[in-house]
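work-v7.txt, holding compact mmCIF, C-alpha atoms and all ligand atoms:
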# COMPACT_ATOMS: atom_id res chain seq x y z
CA MET S 188 -12.29 -26.57 19.63
CA SER S 189 -10.10 -25.57 16.70
CA ARG S 190 -7.88 -22.62 16.03
CA ILE S 191 -9.29 -20.82 13.04
CA THR S 192 -7.68 -17.83 11.37
CA LEU S 193 -9.95 -15.32 9.69
CA LYS S 194 -9.28 -12.21 7.65
CA VAL S 195 -11.83 -9.65 8.84
CA ASN S 196 -11.88 -6.06 7.62
CA GLY S 197 -8.32 -6.44 6.39
CA ARG S 198 -6.92 -7.82 9.64
CA SER S 199 -5.92 -11.36 10.46
CA VAL S 200 -7.49 -12.77 13.64
CA THR S 201 -7.32 -16.21 15.22
CA VAL S 202 -10.16 -17.65 17.31
CA ASP S 203 -10.62 -20.88 19.28
CA VAL S 204 -14.08 -22.15 18.38
CA GLU S 205 -15.95 -25.22 17.21
CA PRO S 206 -15.54 -25.30 13.41
CA ASP S 207 -19.30 -25.42 12.85
CA THR S 208 -19.98 -22.28 14.91
CA PRO S 209 -21.97 -19.78 12.80
CA LEU S 210 -19.75 -16.99 11.51
CA LEU S 211 -22.22 -14.48 13.00
CA TYR S 212 -21.54 -15.73 16.54
CA VAL S 213 -17.79 -15.50 16.03
CA LEU S 214 -18.02 -11.97 14.66
CA ARG S 215 -20.26 -10.72 17.45
CA ASN S 216 -19.16 -12.77 20.45
CA ASP S 217 -15.46 -13.37 19.83
CA LEU S 218 -14.53 -10.30 17.80
CA GLY S 219 -16.98 -7.73 19.19
CA LEU S 220 -18.23 -6.77 15.72
CA ASN S 221 -21.87 -5.94 16.34
CA GLY S 222 -22.71 -4.50 12.91
CA PRO S 223 -24.10 -7.83 11.71
CA ARG S 224 -27.35 -8.58 13.58
CA PHE S 225 -29.08 -11.76 14.69
CA GLY S 226 -32.57 -11.63 13.20
CA CYS S 227 -34.01 -15.01 12.30
CA GLY S 228 -30.92 -17.22 12.56
CA LEU S 229 -32.30 -19.17 9.61
CA GLY S 230 -30.97 -17.33 6.57
CA GLN S 231 -34.34 -15.72 5.92
CA CYS S 232 -34.16 -12.05 6.96
CA GLY S 233 -30.71 -10.80 5.94
CA ALA S 234 -29.92 -8.91 9.16
CA CYS S 235 -26.66 -10.85 9.58
CA THR S 236 -25.29 -10.17 6.09
CA VAL S 237 -21.54 -9.75 5.58
CA ILE S 238 -19.47 -9.63 2.39
CA VAL S 239 -17.13 -12.57 1.74
CA GLU S 240 -14.87 -12.37 -1.31
CA GLY S 241 -17.19 -9.72 -2.74
CA GLU S 242 -20.39 -11.73 -2.26
CA ALA S 243 -23.12 -10.98 0.29
CA ILE S 244 -23.67 -14.01 2.52
CA ARG S 245 -25.83 -14.84 5.54
CA SER S 246 -23.41 -15.20 8.41
CA CYS S 247 -26.02 -16.86 10.69
CA ILE S 248 -26.02 -20.03 8.57
CA THR S 249 -22.36 -20.02 7.51
CA PRO S 250 -20.08 -22.27 9.59
CA VAL S 251 -16.94 -20.35 10.44
CA GLU S 252 -14.71 -23.11 9.02
CA PHE S 253 -16.15 -22.43 5.54
CA VAL S 254 -14.73 -18.91 5.40
CA GLU S 255 -11.28 -19.53 6.86
CA GLY S 256 -8.73 -17.57 4.85
CA PHE S 257 -11.37 -15.65 2.89
CA ASP S 258 -11.69 -11.88 2.79
CA ILE S 259 -14.58 -10.99 5.15
CA ILE S 260 -15.97 -7.45 5.34
CA THR S 261 -18.45 -6.39 8.02
CA LEU S 262 -20.26 -3.09 8.44
CA GLU S 263 -17.36 -1.93 10.62
CA GLY S 264 -15.04 -2.40 7.65
CA LEU S 265 -16.87 0.19 5.54
CA GLY S 266 -16.61 3.41 7.48
CA THR S 267 -16.64 5.07 10.88
CA LEU S 268 -18.95 7.47 12.68
CA GLU S 269 -16.60 10.32 11.80
CA ASN S 270 -15.98 9.13 8.28
CA PRO S 271 -18.91 7.04 7.02
CA HIS S 272 -18.70 5.14 3.76
CA PRO S 273 -20.76 6.73 0.93
CA ILE S 274 -23.43 4.05 1.25
CA GLN S 275 -23.69 4.72 4.99
CA LYS S 276 -23.94 8.46 4.25
CA ALA S 277 -26.72 7.78 1.76
CA PHE S 278 -28.70 5.84 4.40
CA ILE S 279 -28.23 8.66 6.92
CA GLU S 280 -29.14 11.42 4.45
CA ASN S 281 -32.30 9.60 3.37
CA GLN S 282 -33.25 8.77 6.97
CA ALA S 283 -33.62 5.19 5.83
CA ALA S 284 -33.63 3.65 9.31
CA GLN S 285 -36.47 3.50 11.79
CA CYS S 286 -35.44 0.98 14.46
CA GLY S 287 -32.34 0.25 12.36
CA TYR S 288 -32.26 -3.48 13.03
CA CYS S 289 -32.29 -4.48 9.36
CA ILE S 290 -30.00 -1.75 8.08
CA ASN S 291 -26.72 -3.66 8.32
CA GLY S 292 -28.20 -6.27 6.03
CA PHE S 293 -29.51 -3.82 3.46
CA ILE S 294 -26.24 -1.90 3.35
CA MET S 295 -24.07 -4.99 2.93
CA GLN S 296 -26.40 -6.64 0.41
CA ALA S 297 -26.76 -3.46 -1.66
CA LYS S 298 -23.04 -2.68 -1.60
CA ALA S 299 -22.04 -6.16 -2.75
CA PHE S 300 -24.64 -6.07 -5.52
CA LEU S 301 -23.98 -2.54 -6.82
CA ASP S 302 -20.22 -2.94 -6.73
CA GLN S 303 -20.71 -5.77 -9.23
CA ASN S 304 -23.70 -4.25 -11.06
CA PRO S 305 -23.33 -0.47 -10.95
CA ARG S 306 -25.78 0.03 -13.81
CA ALA S 307 -28.53 -2.18 -12.41
CA SER S 308 -32.13 -1.10 -13.03
CA ASP S 309 -34.51 -0.30 -10.18
CA GLN S 310 -36.15 -3.68 -10.72
CA GLU S 311 -32.79 -5.45 -10.51
CA ILE S 312 -31.94 -3.60 -7.29
CA ILE S 313 -35.31 -4.52 -5.78
CA ALA S 314 -34.78 -8.16 -6.78
CA ALA S 315 -31.29 -8.14 -5.23
CA LEU S 316 -32.72 -6.86 -1.95
CA GLU S 317 -35.75 -9.13 -1.94
CA GLY S 318 -34.29 -11.47 0.66
CA ASN S 319 -33.79 -8.65 3.17
CA LEU S 320 -36.71 -7.96 5.48
CA CYS S 321 -37.53 -4.74 7.31
CA ARG S 322 -40.13 -5.13 10.03
CA CYS S 323 -40.59 -1.33 10.14
CA GLY S 324 -41.49 -1.25 6.46
CA THR S 325 -38.95 1.44 5.56
CA TYR S 326 -38.46 -0.02 2.10
CA LEU S 327 -39.04 3.17 0.09
CA ARG S 328 -36.42 5.17 1.95
CA ILE S 329 -34.03 2.26 1.84
CA LEU S 330 -34.46 2.12 -1.93
CA GLN S 331 -33.88 5.88 -2.19
CA ALA S 332 -30.66 5.53 -0.20
CA VAL S 333 -29.44 2.64 -2.32
CA LYS S 334 -30.16 4.61 -5.51
CA GLN S 335 -28.27 7.62 -4.15
CA TYR S 336 -25.27 5.37 -3.55
CA GLN S 337 -25.68 3.95 -7.05
CA GLN S 338 -25.23 7.45 -8.50
CA GLU S 339 -21.79 7.51 -6.87
CA VAL S 340 -20.62 4.08 -7.96
CA ARG S 341 -21.73 4.79 -11.52
CA LEU S 342 -19.48 7.84 -11.83
S1 LIG E 1 -30.21 -13.58 10.98
FE1 LIG E 1 -29.25 -14.37 9.28
S2 LIG E 1 -30.71 -14.26 7.71
FE2 LIG E 1 -31.80 -13.67 9.51
S1 LIG E 2 -35.76 -0.09 10.17
FE1 LIG E 2 -36.63 -1.42 11.69
S2 LIG E 2 -36.41 -3.40 10.82
FE2 LIG E 2 -35.88 -2.06 9.23
Rewrite the structure of this file - the entire thing - as structure tokens.
Amino acid sequence: MSRITLKVNGRSVTVDVEPDTPLLYVLRNDLGLNGPRFGCGLGQCGACTVIVEGEAIRSCITPVEFVEGFDIITLEGLGTLENPHPIQKAFIENQAAQCGYCINGFIMQAKAFLDQNPRASDQEIIAALEGNLCRCGTYLRILQAVKQYQQEVRL
């Protein structure tokens, strides 16, 4: 066990864990942040995506020691039920979720990408989201939601 200090959603937290524990397990099990989901556990579906130093990463295959001291944002760091972030509002307004399991991943991946590429084309957005899988096949509504959010970041 090691004491590892993380900066999550703007707050500093210290956990006692094995350094090679996946970041996803620490977020969910030690910190109670259940926005990021366990899908494949292999870096292949995107359900576990979080934003580290502005980049979308797969937390299921990221050892917690690798992100010590970095700025980590989870879905909980974006908005609340009462005051959702604009990208969360866009997903709600476009009814982009069916079972909702993949939605954390799409939101975090799209936000990280559009914050850096606000003028991306549809094709570039689709390419950026290619590694995120939705077993319900809600891709069209997800794309509509992401494009609605893009209108706001472009302003
Ligand atoms: S759970 Fe991490 S990519 Fe699937
Ligand atoms: S909405 Fe069910 S997996 Fe995407």
Exercise for the section: Select the residues contacting ligand LIG 1 (chain E) at a distance of at most 8 Å, based on only C-alpha atoms and all ligand atoms, then format the selection as a list of chain:residue names. Expected result: S:Leu211, S:Arg224, S:Phe225, S:Gly226, S:Cys227, S:Gly228, S:Leu229, S:Gly230, S:Gln231, S:Cys232, S:Gly233, S:Ala234, S:Cys235, S:Thr236, S:Arg245, S:Ser246, S:Cys247, S:Ile248, S:Asn319
Atoms kept (C-alpha atoms) for selection, written as a PDB file, keeping the file's coordinate frame:
ATOM      1  CA  LEU S 211     -22.220 -14.480  13.000  1.00  0.00           C
ATOM      2  CA  ARG S 224     -27.350  -8.580  13.580  1.00  0.00           C
ATOM      3  CA  PHE S 225     -29.080 -11.760  14.690  1.00  0.00           C
ATOM      4  CA  GLY S 226     -32.570 -11.630  13.200  1.00  0.00           C
ATOM      5  CA  CYS S 227     -34.010 -15.010  12.300  1.00  0.00           C
ATOM      6  CA  GLY S 228     -30.920 -17.220  12.560  1.00  0.00           C
ATOM      7  CA  LEU S 229     -32.300 -19.170   9.610  1.00  0.00           C
ATOM      8  CA  GLY S 230     -30.970 -17.330   6.570  1.00  0.00           C
ATOM      9  CA  GLN S 231     -34.340 -15.720   5.920  1.00  0.00           C
ATOM     10  CA  CYS S 232     -34.160 -12.050   6.960  1.00  0.00           C
ATOM     11  CA  GLY S 233     -30.710 -10.800   5.940  1.00  0.00           C
ATOM     12  CA  ALA S 234     -29.920  -8.910   9.160  1.00  0.00           C
ATOM     13  CA  CYS S 235     -26.660 -10.850   9.580  1.00  0.00           C
ATOM     14  CA  THR S 236     -25.290 -10.170   6.090  1.00  0.00           C
ATOM     15  CA  ARG S 245     -25.830 -14.840   5.540  1.00  0.00           C
ATOM     16  CA  SER S 246     -23.410 -15.200   8.410  1.00  0.00           C
ATOM     17  CA  CYS S 247     -26.020 -16.860  10.690  1.00  0.00           C
ATOM     18  CA  ILE S 248     -26.020 -20.030   8.570  1.00  0.00           C
ATOM     19  CA  ASN S 319     -33.790  -8.650   3.170  1.00  0.00           C
TER      20      ASN S 319
END
Exercise for the section: Pick out the residues no farther than 10 Å from ligand LIG 2 (chain E), counting all atoms listed in the file, and list them as a list in words. Expected result: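 My answer, listing the contacting residues, is Gly226, Cys232, Ala234, Gln282, Ala283, Ala284, Gln285, Cys286, Gly287, Tyr288, Cys289, Ile290, Asn291, Gly292, Phe293, Asn319, Leu320, Cys321, Arg322, Cys323, Gly324, Thr325, Tyr326, Arg328 and Ile329 of chain S.
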Okay, now the selection with C-alpha atoms, as a tab-separated table (two decimals), in the frame of the given file?
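Printed below is out-v2.tsv as written:
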chain	number	residue	atom	x	y	z
S	226	GLY	CA	-32.57	-11.63	13.20
S	232	CYS	CA	-34.16	-12.05	6.96
S	234	ALA	CA	-29.92	-8.91	9.16
S	282	GLN	CA	-33.25	8.77	6.97
S	283	ALA	CA	-33.62	5.19	5.83
S	284	ALA	CA	-33.63	3.65	9.31
S	285	GLN	CA	-36.47	3.50	11.79
S	286	CYS	CA	-35.44	0.98	14.46
S	287	GLY	CA	-32.34	0.25	12.36
S	288	TYR	CA	-32.26	-3.48	13.03
S	289	CYS	CA	-32.29	-4.48	9.36
S	290	ILE	CA	-30.00	-1.75	8.08
S	291	ASN	CA	-26.72	-3.66	8.32
S	292	GLY	CA	-28.20	-6.27	6.03
S	293	PHE	CA	-29.51	-3.82	3.46
S	319	ASN	CA	-33.79	-8.65	3.17
S	320	LEU	CA	-36.71	-7.96	5.48
S	321	CYS	CA	-37.53	-4.74	7.31
S	322	ARG	CA	-40.13	-5.13	10.03
S	323	CYS	CA	-40.59	-1.33	10.14
S	324	GLY	CA	-41.49	-1.25	6.46
S	325	THR	CA	-38.95	1.44	5.56
S	326	TYR	CA	-38.46	-0.02	2.10
S	328	ARG	CA	-36.42	5.17	1.95
S	329	ILE	CA	-34.03	2.26	1.84
Can I get the residues of segment 218-270 of chain S within 10 Å of segment 195-206 of chain S, each with the closest pair of atoms and their distance in Å to one decimal, using only C-alpha atoms, sorted chain first then ascending number, as JSON lines?
{"residue": "S:Leu218", "atom": "CA", "partner": "S:Val200", "partner_atom": "CA", "distance": 8.5}
{"residue": "S:Leu220", "atom": "CA", "partner": "S:Val195", "partner_atom": "CA", "distance": 9.8}
{"residue": "S:Ile238", "atom": "CA", "partner": "S:Asn196", "partner_atom": "CA", "distance": 9.9}
{"residue": "S:Val239", "atom": "CA", "partner": "S:Val195", "partner_atom": "CA", "distance": 9.3}
{"residue": "S:Pro250", "atom": "CA", "partner": "S:Pro206", "partner_atom": "CA", "distance": 6.7}
{"residue": "S:Val251", "atom": "CA", "partner": "S:Pro206", "partner_atom": "CA", "distance": 5.9}
{"residue": "S:Glu252", "atom": "CA", "partner": "S:Pro206", "partner_atom": "CA", "distance": 5.0}
{"residue": "S:Phe253", "atom": "CA", "partner": "S:Pro206", "partner_atom": "CA", "distance": 8.4}
{"residue": "S:Glu255", "atom": "CA", "partner": "S:Pro206", "partner_atom": "CA", "distance": 9.7}
{"residue": "S:Gly256", "atom": "CA", "partner": "S:Ser199", "partner_atom": "CA", "distance": 8.8}
{"residue": "S:Phe257", "atom": "CA", "partner": "S:Val195", "partner_atom": "CA", "distance": 8.5}
{"residue": "S:Asp258", "atom": "CA", "partner": "S:Val195", "partner_atom": "CA", "distance": 6.4}
{"residue": "S:Ile259", "atom": "CA", "partner": "S:Val195", "partner_atom": "CA", "distance": 4.8}
{"residue": "S:Ile260", "atom": "CA", "partner": "S:Asn196", "partner_atom": "CA", "distance": 4.9}
{"residue": "S:Thr261", "atom": "CA", "partner": "S:Asn196", "partner_atom": "CA", "distance": 6.6}
{"residue": "S:Leu262", "atom": "CA", "partner": "S:Asn196", "partner_atom": "CA", "distance": 8.9}
{"residue": "S:Glu263", "atom": "CA", "partner": "S:Asn196", "partner_atom": "CA", "distance": 7.5}
{"residue": "S:Gly264", "atom": "CA", "partner": "S:Asn196", "partner_atom": "CA", "distance": 4.8}
{"residue": "S:Leu265", "atom": "CA", "partner": "S:Asn196", "partner_atom": "CA", "distance": 8.3}
Go ahead and save the picked residues with C-alpha atoms, as a compact mmCIF listing (two decimals), in the coordinates of the input.
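Dumped everything to selection-v3.txt:
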# COMPACT_ATOMS: atom_id res chain seq x y z
CA LEU S 218 -14.53 -10.30 17.80
CA LEU S 220 -18.23 -6.77 15.72
CA ILE S 238 -19.47 -9.63 2.39
CA VAL S 239 -17.13 -12.57 1.74
CA PRO S 250 -20.08 -22.27 9.59
CA VAL S 251 -16.94 -20.35 10.44
CA GLU S 252 -14.71 -23.11 9.02
CA PHE S 253 -16.15 -22.43 5.54
CA GLU S 255 -11.28 -19.53 6.86
CA GLY S 256 -8.73 -17.57 4.85
CA PHE S 257 -11.37 -15.65 2.89
CA ASP S 258 -11.69 -11.88 2.79
CA ILE S 259 -14.58 -10.99 5.15
CA ILE S 260 -15.97 -7.45 5.34
CA THR S 261 -18.45 -6.39 8.02
CA LEU S 262 -20.26 -3.09 8.44
CA GLU S 263 -17.36 -1.93 10.62
CA GLY S 264 -15.04 -2.40 7.65
CA LEU S 265 -16.87 0.19 5.54
Fill in the blank from the handout: Computed gap from atom CA of Glu311 of chain S to atom CA of Gln331 of chain S is 14.1 Å
Exercise for the section: Excluding Pro273 of chain S and residues on its chain fewer than 6 positions from it, collect all residues at most 9 Å away from it, counting all atoms listed in the file, and give them as a ChimeraX atom specification. Expected result: /S:265-266,336,339
Exercise for the section: Kindly give the distance, in Å, that separates atom CA of Leu316 of chain S and atom CA of Asn270 of chain S, rounded to a single decimal. Expected result: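 Atom CA of Asn270 of chain S lies 25.3 Å from atom CA of Leu316 of chain S.
Here the question is which of S:Gly241, S:Arg341, S:Val333, S:Thr249 gets nearest to Tyr212 of chain S using all atoms listed in the file, and that residue is S:Thr249.
Between atom CA of Ala332 of chain S and atom CA of Ile244 of chain S lies a distance of 20.9 Å.
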Practice task
Could you tell me which of S:Leu210, S:Leu327, S:Ile191, S:Ala315 comes closest to Gln296 of chain S if we count all atoms listed in the file?
Solution key: S:Ala315
Problem - Pick from S:Glu240, S:Gly222, S:Lys276, S:Ser189 nearest to Thr208 of chain S, counting all atoms listed in the file - result: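 Nearest to Thr208 of chain S: S:Ser189.
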